[in-house]
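Chemist: Got a structure for you, questions after.
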Amino acid sequence: MTKEQFLEGQVLLIDKPLNWTSFQVVNKLRWEIRIAFNIKNIKVGHAGTLDPLATGLLIICTGKMTKQINTFQAQIKEYTGTIVLGSTTPSYDLETEIDITFSTSHITEELIQETTKQFIGDIAQFPPVFSAIKKDGKRLYEFARAGESVEIKSRQITINTFEITQIALPEIYFRVVCSKGTYIRSLAYDFGKALNSGGHLSVLRRTKIGDFNVSEALSVEKFIENLSSE
């Protein structure tokens, strides 16, 4: 790819590594593109945040293609991952420690499969308090980390598919196809609650955004390697 192509606008598919923020990926790619082509400045942005503890598909836009970010963000997304039943965490994932444990002795495979039906279609979902949503000019996670309580409003989301792919209690493996704005961490928490137990997310991978598939994505390292060979 040439300097002109990056400036004109490209859509890059990147497989986000574990423990990186989406912003760190954008910054790294912007820096590497600037260095490789001696560009003073170039627009680079991502079309939909992934949590640091999630891996998978990030759509990165450069140049004039950054104008398409909202279009990509609105597309249907697919995730796979693991929910651990019988315990919750304040962040609904492994960012924070387990705070409450629950019994799972009553949970059967049949109950798990039956309970998924409650989450199909248009549902109201409360985002996690450990999220980047803004309220009164502050991110929700800022309130959470300061130990301050804050009122969170529910959001209307759509879950097209909620498939349990494997059960190995206390872990259940899933595939979800959903709308923009869906928090899989909240789904894990709500699912545990619906089972009269608890639940938190331990693994999350974004596999698709619209027609884009993570199988077509490059690792950050491979992208940089390709840049240096051009």
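Chain identifiers are assigned as A, B, and so on, following the order in which chains appear in the structure tokens; residues are numbered from 1 within each chain, and ligands are numbered from 1 in order of appearance.
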Excluding Gly210 (chain A) and any residue of its chain fewer than 6 positions from it, enumerate the residues within 7 Å of it, using only C-alpha atoms, and give them as number ranges by chain.

Modeler: A: 75-77

Chemist: Pull C-alpha atoms from the residues just selected and write them as a PDB file, in the first residue's frame.

Modeler:
ATOM      1  CA  GLN A  75     -23.439  -2.740  11.599  1.00  0.00           C
ATOM      2  CA  ILE A  76     -24.417  -6.034  13.249  1.00  0.00           C
ATOM      3  CA  LYS A  77     -21.636  -7.645  15.298  1.00  0.00           C
TER       4      LYS A  77
END

Chemist: For region 211-225 of chain A, work out the shell of residues within 8 Å, counting only C-alpha atoms and skipping chain neighbours fewer than 3 positions away, then give it as a list in words.

Modeler: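 My reading of the contact set: Leu12, Leu13, Ile14, Asp15, Lys16, Pro17, Val25, Leu29, Glu32, Gly56, Leu57, Arg206, Thr207, Lys208, Ser228 and Ser229 of chain A.
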
Chemist: Find the residues near Lys153 (chain A): any atom within 9 Å, counting only C-alpha atoms, skip ones fewer than 6 places away on the same chain, and give them as JSON, numbers by chain.

Modeler: {"A": [125, 126, 127]}

Chemist: For Val203 (chain A), work out the shell of residues within 7 Å, counting only C-alpha atoms and skipping chain neighbours fewer than 2 positions away, then give it as a list of chain:residue names.

Modeler: A:Ala54, A:Gly81, A:Thr82, A:Leu201, A:Arg205

Chemist: Just the selected residues (C-alpha atoms), exported as an mmCIF file, in the first residue's frame, please.

Modeler:
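The resulting selection-v4.cif:
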data_model
loop_
_atom_site.group_PDB
_atom_site.id
_atom_site.type_symbol
_atom_site.label_atom_id
_atom_site.label_comp_id
_atom_site.auth_asym_id
_atom_site.auth_seq_id
_atom_site.Cartn_x
_atom_site.Cartn_y
_atom_site.Cartn_z
ATOM 1 C CA ALA A 54 -11.395 -8.631 24.640
ATOM 2 C CA GLY A 81 -16.736 -16.036 24.484
ATOM 3 C CA THR A 82 -17.074 -17.641 27.895
ATOM 4 C CA LEU A 201 -17.515 -12.687 31.390
ATOM 5 C CA ARG A 205 -13.675 -12.237 21.040
#

Chemist: Ranking A:Glu78, A:Glu97, A:Glu4, A:Glu163 by minimum distance to Ile120 (chain A) and counting only C-alpha atoms, which one comes first?

Modeler: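 Using only C-alpha atoms, the shortest distance to Ile120 (chain A) belongs to A:Glu163.
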
Chemist: Which one of A:Ser202, A:Asn41, A:Ser179, A:Gln68 sits closest to Asp122 (chain A) if you count only C-alpha atoms?

Modeler: A:Ser179

Chemist: Would you mind reading off the distance between CA of Glu171 (chain A) and CA of Thr21 (chain A), one decimal, in Å?

Modeler: 25.5 Å

Chemist: Select, from A:Thr161, A:Ile209, A:Thr62, A:Ser103, the residue with the minimum atom-to-atom distance to Leu50 (chain A), counting only C-alpha atoms.

Modeler: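 When distances to Leu50 (chain A) are compared using only C-alpha atoms, the smallest one comes from A:Ile209.
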
Chemist: Taking only region 2-168 of chain A into account, list the residues labelled strand (DSSP E) by DSSP (computed from the backbone), as a ChimeraX atom specification.

Modeler: /A:11-16,44-46,54-62,77-85,87-88,100-101,121-125,134-135,138-139,155-168
